[in-house]
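K.L.:
Data file structure-v9.txt (compact mmCIF, C-alpha atoms) is appended below.
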# COMPACT_ATOMS: atom_id res chain seq x y z
CA MET X 1 10.67 38.60 35.37
CA PHE X 2 8.29 38.43 32.42
CA SER X 3 11.27 38.37 30.11
CA GLN X 4 12.81 35.46 32.03
CA TRP X 5 9.49 33.56 31.95
CA ARG X 6 9.25 34.13 28.21
CA VAL X 7 12.76 32.81 27.62
CA THR X 8 11.97 29.75 29.73
CA MET X 9 8.77 29.04 27.79
CA VAL X 10 10.56 29.43 24.46
CA SER X 11 13.27 27.04 25.65
CA LEU X 12 10.66 24.48 26.72
CA THR X 13 8.90 24.81 23.37
CA VAL X 14 12.11 24.24 21.46
CA LEU X 15 12.93 21.27 23.69
CA ALA X 16 9.50 19.76 23.12
CA ALA X 17 9.84 20.17 19.35
CA ALA X 18 13.25 18.54 19.42
CA THR X 19 11.80 15.63 21.41
CA LEU X 20 9.06 15.14 18.82
CA VAL X 21 11.57 15.17 16.00
CA SER X 22 13.86 12.68 17.69
CA ALA X 23 10.92 10.41 18.53
CA ALA X 24 10.55 9.50 14.87
CA GLY X 25 13.16 7.27 13.33
CA GLU X 26 15.48 8.36 10.57
CA TRP X 27 14.43 7.77 6.99
CA LYS X 28 16.10 4.74 5.47
CA PRO X 29 15.86 3.12 2.03
CA LEU X 30 13.52 0.15 1.87
CA PHE X 31 14.80 -0.83 -1.58
CA ASN X 32 18.44 -0.19 -2.46
CA GLY X 33 17.88 0.12 -6.21
CA LYS X 34 20.40 -2.65 -6.94
CA ASP X 35 19.08 -6.00 -5.75
CA LEU X 36 16.58 -7.67 -3.40
CA THR X 37 18.71 -7.35 -0.28
CA GLY X 38 16.37 -7.07 2.74
CA TRP X 39 13.50 -8.79 0.91
CA THR X 40 12.27 -12.36 0.54
CA VAL X 41 10.10 -13.72 -2.26
CA ALA X 42 7.21 -15.56 -0.62
CA ALA X 43 6.24 -18.88 -2.19
CA GLY X 44 3.26 -18.72 -4.49
CA ARG X 45 0.43 -21.23 -4.64
CA GLY X 46 0.54 -24.20 -6.99
CA GLY X 47 -2.41 -25.90 -8.61
CA GLY X 48 -3.24 -29.56 -7.99
CA THR X 49 -0.01 -31.51 -8.28
CA THR X 50 1.81 -28.49 -9.74
CA PRO X 51 4.36 -27.09 -7.27
CA PRO X 52 4.27 -23.34 -6.64
CA GLN X 53 6.43 -21.30 -9.00
CA PRO X 54 8.27 -18.40 -7.37
CA ALA X 55 7.48 -14.95 -8.68
CA GLN X 56 10.22 -13.41 -10.79
CA TRP X 57 10.73 -10.05 -9.14
CA LYS X 58 13.69 -8.26 -10.70
CA VAL X 59 15.60 -5.00 -10.65
CA GLU X 60 16.00 -3.00 -13.86
CA ASN X 61 17.83 0.34 -13.93
CA GLY X 62 17.13 1.03 -10.26
CA VAL X 63 13.47 0.00 -10.54
CA LEU X 64 11.81 -2.96 -8.84
CA VAL X 65 9.65 -4.83 -11.37
CA GLY X 66 7.06 -7.51 -10.73
CA GLY X 67 4.14 -9.10 -12.54
CA GLN X 68 5.73 -10.13 -15.82
CA GLY X 69 5.80 -13.76 -16.89
CA THR X 70 4.83 -16.77 -14.82
CA GLY X 71 5.06 -17.41 -11.11
CA ARG X 72 3.33 -16.15 -8.01
CA GLY X 73 4.44 -14.82 -4.71
CA SER X 74 4.68 -11.48 -2.97
CA LEU X 75 7.86 -9.68 -2.00
CA VAL X 76 8.24 -9.43 1.79
CA THR X 77 10.60 -7.32 3.90
CA ASP X 78 12.86 -9.18 6.30
CA GLU X 79 12.16 -6.52 8.94
CA GLN X 80 8.83 -5.84 10.62
CA TYR X 81 7.13 -2.51 11.22
CA LYS X 82 4.27 -1.34 13.40
CA ASP X 83 4.01 2.46 13.43
CA PHE X 84 5.70 3.86 10.35
CA GLU X 85 5.67 6.27 7.45
CA LEU X 86 6.40 4.79 4.02
CA GLU X 87 7.03 6.69 0.81
CA LEU X 88 7.41 5.21 -2.66
CA GLU X 89 6.74 5.74 -6.33
CA PHE X 90 4.83 3.24 -8.45
CA MET X 91 3.76 2.71 -12.04
CA LEU X 92 0.99 0.28 -12.99
CA THR X 93 0.76 -1.09 -16.51
CA GLU X 94 -2.25 0.07 -18.49
CA LEU X 95 -4.53 -2.79 -19.55
CA GLY X 96 -8.16 -3.12 -20.53
CA THR X 97 -10.55 -0.78 -22.32
CA LYS X 98 -13.97 -1.96 -21.17
CA CYS X 99 -13.75 -1.30 -17.46
CA SER X 100 -16.57 -0.85 -14.99
CA ALA X 101 -16.68 -0.04 -11.29
CA GLU X 102 -20.18 -1.52 -11.06
CA LEU X 103 -20.68 -4.46 -8.69
CA ILE X 104 -23.12 -7.22 -9.52
CA GLY X 105 -24.43 -10.43 -7.99
CA GLU X 106 -24.81 -11.70 -4.45
CA LYS X 107 -21.07 -11.58 -3.79
CA GLN X 108 -20.72 -8.12 -5.32
CA GLU X 109 -18.33 -9.08 -8.11
CA ASN X 110 -16.90 -6.57 -10.56
CA ALA X 111 -18.83 -6.13 -13.82
CA SER X 112 -15.89 -5.21 -16.08
CA GLU X 113 -16.31 -6.85 -19.48
CA ASP X 114 -12.53 -6.86 -19.90
CA LYS X 115 -11.14 -8.67 -16.85
CA SER X 116 -7.63 -7.31 -17.45
CA CYS X 117 -9.02 -4.05 -16.05
CA LEU X 118 -8.80 -5.73 -12.63
CA TYR X 119 -5.01 -6.13 -12.82
CA ASN X 120 -3.65 -4.62 -9.61
CA SER X 121 -0.95 -4.68 -6.95
CA GLY X 122 -0.78 -3.41 -3.39
CA VAL X 123 1.23 -2.78 -0.26
CA THR X 124 0.33 -4.94 2.74
CA PHE X 125 1.39 -4.16 6.30
CA ARG X 126 0.78 -5.50 9.81
CA THR X 127 -0.40 -8.63 7.97
CA GLY X 128 -4.04 -7.52 7.75
CA TYR X 129 -4.07 -4.16 5.96
CA GLN X 130 -3.42 -3.42 2.32
CA VAL X 131 -3.21 -0.24 0.32
CA ASN X 132 -4.57 -1.48 -2.98
CA ILE X 133 -3.04 -0.14 -6.20
CA GLY X 134 -5.41 -0.41 -9.14
CA ARG X 135 -7.69 1.45 -11.54
CA ARG X 136 -10.56 3.45 -10.11
CA GLU X 137 -12.52 3.04 -13.37
CA ALA X 138 -12.63 -0.71 -12.65
CA GLY X 139 -13.42 -0.35 -8.95
CA GLU X 140 -9.85 -1.30 -8.03
CA PHE X 141 -9.22 1.92 -6.16
CA ILE X 142 -6.06 3.15 -4.54
CA GLY X 143 -7.36 2.85 -1.00
CA ILE X 144 -7.36 0.74 2.16
CA VAL X 145 -8.58 -2.86 2.10
CA VAL X 146 -8.95 -5.59 4.72
CA HIS X 147 -10.17 -9.17 4.40
CA ARG X 148 -13.17 -9.22 6.70
CA LYS X 149 -16.66 -10.64 6.45
CA ALA X 150 -18.92 -7.64 6.86
CA PRO X 151 -21.90 -6.00 5.16
CA GLY X 152 -20.76 -4.50 1.90
CA ALA X 153 -17.74 -6.76 1.55
CA ILE X 154 -16.87 -7.60 -2.05
CA ARG X 155 -16.83 -11.31 -2.96
CA GLY X 156 -17.89 -11.91 0.64
CA TYR X 157 -14.63 -10.97 2.34
CA VAL X 158 -12.91 -7.95 0.71
CA LEU X 159 -13.89 -4.87 2.67
CA TRP X 160 -12.94 -1.36 1.64
CA LEU X 161 -12.15 0.75 4.71
CA SER X 162 -11.56 3.62 2.30
CA THR X 163 -12.06 3.74 -1.46
CA GLY X 164 -9.33 6.35 -1.62
CA ASP X 165 -9.07 7.88 -5.08
CA GLU X 166 -12.64 6.99 -6.07
CA LYS X 167 -13.60 10.67 -5.87
CA PHE X 168 -10.42 11.92 -7.54
CA PRO X 169 -10.55 11.10 -11.27
CA GLY X 170 -7.27 11.70 -13.01
CA LEU X 171 -5.23 11.85 -9.79
CA ARG X 172 -3.37 8.65 -10.65
CA LYS X 173 -1.13 9.39 -13.60
CA LYS X 174 -1.34 6.73 -16.29
CA GLU X 175 1.87 5.42 -17.85
CA ASP X 176 3.81 7.58 -15.43
CA TRP X 177 5.21 7.53 -11.91
CA ASN X 178 2.90 8.22 -8.96
CA ARG X 179 3.99 9.21 -5.46
CA LEU X 180 2.38 7.26 -2.61
CA ARG X 181 2.71 7.90 1.12
CA ILE X 182 1.33 5.50 3.74
CA MET X 183 1.30 6.39 7.43
CA ALA X 184 0.22 3.95 10.15
CA LYS X 185 0.15 5.22 13.71
CA GLY X 186 -1.81 3.15 16.20
CA PRO X 187 -5.30 2.60 14.76
CA GLN X 188 -4.98 5.57 12.38
CA ILE X 189 -4.02 4.96 8.74
CA THR X 190 -3.63 7.72 6.16
CA VAL X 191 -2.79 7.50 2.48
CA THR X 192 -1.60 10.33 0.24
CA LEU X 193 -1.41 10.06 -3.55
CA ASN X 194 0.56 12.64 -5.53
CA GLY X 195 0.31 15.14 -2.70
CA LYS X 196 -3.45 14.65 -2.11
CA GLN X 197 -4.69 12.88 1.01
CA ILE X 198 -7.15 10.27 -0.24
CA SER X 199 -7.67 8.10 2.87
CA ASP X 200 -7.80 8.78 6.60
CA VAL X 201 -9.34 5.97 8.62
CA LYS X 202 -9.32 4.66 12.17
CA ASP X 203 -9.60 0.90 12.51
CA ASP X 204 -9.39 -0.88 15.85
CA PRO X 205 -10.56 -4.49 15.31
CA THR X 206 -11.80 -6.37 18.37
CA ASP X 207 -12.05 -9.80 16.77
CA PRO X 208 -9.35 -12.03 18.34
CA ALA X 209 -8.50 -13.30 14.85
CA GLU X 210 -7.53 -9.78 13.88
CA ALA X 211 -5.68 -8.84 17.06
CA ARG X 212 -2.29 -9.30 15.39
CA TRP X 213 -3.21 -6.61 12.88
CA LYS X 214 -2.36 -4.13 15.62
CA GLU X 215 1.14 -5.54 15.97
CA ALA X 216 4.26 -5.24 13.87
CA GLY X 217 4.47 -7.11 10.59
CA PRO X 218 6.47 -7.05 7.36
CA ILE X 219 5.84 -4.72 4.44
CA THR X 220 4.65 -6.84 1.51
CA LEU X 221 4.41 -5.95 -2.18
CA GLN X 222 1.69 -7.90 -3.94
CA TRP X 223 2.50 -9.83 -7.09
CA PRO X 224 -0.38 -8.89 -9.44
CA PRO X 225 -2.83 -11.83 -9.46
CA ALA X 226 -3.26 -12.70 -13.14
CA GLY X 227 -5.90 -15.26 -12.17
CA GLU X 228 -8.20 -12.47 -11.05
CA SER X 229 -7.56 -10.37 -14.14
CA GLY X 230 -8.13 -12.66 -17.08
CA GLY X 231 -4.56 -13.93 -17.22
CA ALA X 232 -3.21 -10.43 -17.86
CA GLN X 233 0.59 -10.20 -18.10
CA GLY X 234 1.35 -6.62 -17.22
CA PHE X 235 3.70 -5.14 -14.65
CA ILE X 236 3.95 -3.20 -11.43
CA LYS X 237 7.03 -1.07 -10.86
CA TYR X 238 8.32 0.48 -7.64
CA ARG X 239 11.19 2.86 -6.96
CA ASN X 240 12.44 5.45 -4.46
CA MET X 241 11.12 3.48 -1.49
CA ARG X 242 11.97 4.76 1.97
CA ILE X 243 10.57 4.20 5.47
CA ARG X 244 10.87 5.51 8.99
CA THR X 245 9.42 4.35 12.28
CA LEU X 246 7.06 6.60 14.24
Once more with this new file: its structure as structure tokens, please.
P.N.:
Amino acid sequence: MFSQWRVTMVSLTVLAAATLVSAAGEWKPLFNGKDLTGWTVAAGRGGGTTPPQPAQWKVENGVLVGGQGTGRGSLVTDEQYKDFELELEFMLTELGTKCSAELIGEKQENASEDKSCLYNSGVTFRTGYQVNIGRREAGEFIGIVVHRKAPGAIRGYVLWLSTGDEKFPGLRKKEDWNRLRIMAKGPQITVTLNGKQISDVKDDPTDPAEARWKEAGPITLQWPPAGESGGAQGFIKYRNMRIRTL
């Protein structure tokens, strides 16, 4: 009888494991390496009477490239995602030599003498959350950011939920590809950089204005804002992007 009970328990365990595996969606490419199928370039902002110029995202040798030349506008997926796991590789251009992570002034602005140090990109999801991609030496960490007025918010509205790689000097490889994994499951968000978990936060906003942050939204790749980085004309590159629902 014990033997029969043991077989039954093993069978139930295997069944439960299979159910967990099947509960997650299959991995699928988010970028096909050929063109921008499945993505839309969002209109950038113009200045005064100047109409917005669309950002010139392009594909080169299987790599998605943004941030070179003129134009503004993020790259947005046509599909929306709520609970998901996203994997990708990125490379951020190296700019600036006089970088500082120090914050100064009432609005806590960055003190970098060379503003090109602030050149950055990011991955936005559920509309409200962003995994910033920047240089830790300039205070532009690879971590989780929201726009929220709160004590400690930078420039009055940029709040770090997690400063990610701040405590991991050298983890981001310069002039090389870096592997990034983002997992969002309910209020829990985790970020892994090159195999090291750098962020693990739980955020459950109660403000009605932020209620939609809990719902599905597109995945958005940020066009590096040259206006915030001294007019820098660098690049952000992405490749090997895949996603699955959870």
K.L.:
Neighbouring residues of X:Leu92 were defined as those with any atom within 7 Å, considering only C-alpha atoms; residues of the same chain fewer than 3 positions away were excluded. Please report them as an NGL selection string.
P.N.:
:X and (235-237)
K.L.:
What does the structure give for the distance between atom CA of X:His147 and atom CA of X:Pro169, in Å to one decimal?
P.N.:
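Computing the Euclidean distance for atom CA of X:His147 and atom CA of X:Pro169 yields 25.6 Å.
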K.L.:
Of the residues X:Lys149, X:Lys115, X:Arg126, X:Lys202, which is the one nearest to X:Glu79, using all atoms listed in the file?
P.N.:
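That would be X:Arg126, the residue with the smallest distance to X:Glu79.
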K.L.:
Residues proximal to (-3.1, 6.2, 5.9) were defined as those with any atom within 9 Å of that point in the file's coordinates, counting all atoms listed in the file. Which are they, as a ChimeraX atom specification?
P.N.:
/X:85,131,143-144,181-185,188-192,197-202
K.L.:
Go ahead and dump the residues you just picked, C-alpha atoms, as a PDB file, in the frame of the given file.
P.N.:
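Final output, result_18.pdb:
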ATOM      1  CA  GLU X  85       5.670   6.270   7.450  1.00  0.00           C
ATOM      2  CA  VAL X 131      -3.210  -0.240   0.320  1.00  0.00           C
ATOM      3  CA  GLY X 143      -7.360   2.850  -1.000  1.00  0.00           C
ATOM      4  CA  ILE X 144      -7.360   0.740   2.160  1.00  0.00           C
ATOM      5  CA  ARG X 181       2.710   7.900   1.120  1.00  0.00           C
ATOM      6  CA  ILE X 182       1.330   5.500   3.740  1.00  0.00           C
ATOM      7  CA  MET X 183       1.300   6.390   7.430  1.00  0.00           C
ATOM      8  CA  ALA X 184       0.220   3.950  10.150  1.00  0.00           C
ATOM      9  CA  LYS X 185       0.150   5.220  13.710  1.00  0.00           C
ATOM     10  CA  GLN X 188      -4.980   5.570  12.380  1.00  0.00           C
ATOM     11  CA  ILE X 189      -4.020   4.960   8.740  1.00  0.00           C
ATOM     12  CA  THR X 190      -3.630   7.720   6.160  1.00  0.00           C
ATOM     13  CA  VAL X 191      -2.790   7.500   2.480  1.00  0.00           C
ATOM     14  CA  THR X 192      -1.600  10.330   0.240  1.00  0.00           C
ATOM     15  CA  GLN X 197      -4.690  12.880   1.010  1.00  0.00           C
ATOM     16  CA  ILE X 198      -7.150  10.270  -0.240  1.00  0.00           C
ATOM     17  CA  SER X 199      -7.670   8.100   2.870  1.00  0.00           C
ATOM     18  CA  ASP X 200      -7.800   8.780   6.600  1.00  0.00           C
ATOM     19  CA  VAL X 201      -9.340   5.970   8.620  1.00  0.00           C
ATOM     20  CA  LYS X 202      -9.320   4.660  12.170  1.00  0.00           C
TER      21      LYS X 202
END
K.L.:
What lies within 7 Å of stretch 221-224 of chain X using only C-alpha atoms, ignoring chain neighbours under 4 positions off, as a list in words?
P.N.:
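The neighbour list is Gly66, Gly67, Arg72, Gly73, Ser74, Leu75, Val76, Tyr119, Asn120, Ser121, Gly122, Val123 and Thr124 of chain X.
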K.L.:
Keeping only C-alpha atoms, write those residues as a PDB file, in the frame of the given file.
P.N.:
ATOM      1  CA  GLY X  66       7.060  -7.510 -10.730  1.00  0.00           C
ATOM      2  CA  GLY X  67       4.140  -9.100 -12.540  1.00  0.00           C
ATOM      3  CA  ARG X  72       3.330 -16.150  -8.010  1.00  0.00           C
ATOM      4  CA  GLY X  73       4.440 -14.820  -4.710  1.00  0.00           C
ATOM      5  CA  SER X  74       4.680 -11.480  -2.970  1.00  0.00           C
ATOM      6  CA  LEU X  75       7.860  -9.680  -2.000  1.00  0.00           C
ATOM      7  CA  VAL X  76       8.240  -9.430   1.790  1.00  0.00           C
ATOM      8  CA  TYR X 119      -5.010  -6.130 -12.820  1.00  0.00           C
ATOM      9  CA  ASN X 120      -3.650  -4.620  -9.610  1.00  0.00           C
ATOM     10  CA  SER X 121      -0.950  -4.680  -6.950  1.00  0.00           C
ATOM     11  CA  GLY X 122      -0.780  -3.410  -3.390  1.00  0.00           C
ATOM     12  CA  VAL X 123       1.230  -2.780  -0.260  1.00  0.00           C
ATOM     13  CA  THR X 124       0.330  -4.940   2.740  1.00  0.00           C
TER      14      THR X 124
END
K.L.:
Near X:Ser100, counting all atoms listed in the file, which residues have an atom at most 10 Å away, once you skip same-chain residues fewer than 6 positions from it, shown as a PDB file with C-alpha atoms, in the coordinates of the input?
P.N.:
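Output file selection_37.pdb is given in full below:
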ATOM      1  CA  ASN X 110     -16.900  -6.570 -10.560  1.00  0.00           C
ATOM      2  CA  ALA X 111     -18.830  -6.130 -13.820  1.00  0.00           C
ATOM      3  CA  SER X 112     -15.890  -5.210 -16.080  1.00  0.00           C
ATOM      4  CA  GLU X 113     -16.310  -6.850 -19.480  1.00  0.00           C
ATOM      5  CA  ASP X 114     -12.530  -6.860 -19.900  1.00  0.00           C
ATOM      6  CA  LYS X 115     -11.140  -8.670 -16.850  1.00  0.00           C
ATOM      7  CA  CYS X 117      -9.020  -4.050 -16.050  1.00  0.00           C
ATOM      8  CA  LEU X 118      -8.800  -5.730 -12.630  1.00  0.00           C
ATOM      9  CA  ARG X 135      -7.690   1.450 -11.540  1.00  0.00           C
ATOM     10  CA  ARG X 136     -10.560   3.450 -10.110  1.00  0.00           C
ATOM     11  CA  GLU X 137     -12.520   3.040 -13.370  1.00  0.00           C
ATOM     12  CA  ALA X 138     -12.630  -0.710 -12.650  1.00  0.00           C
ATOM     13  CA  GLY X 139     -13.420  -0.350  -8.950  1.00  0.00           C
ATOM     14  CA  GLU X 140      -9.850  -1.300  -8.030  1.00  0.00           C
TER      15      GLU X 140
END
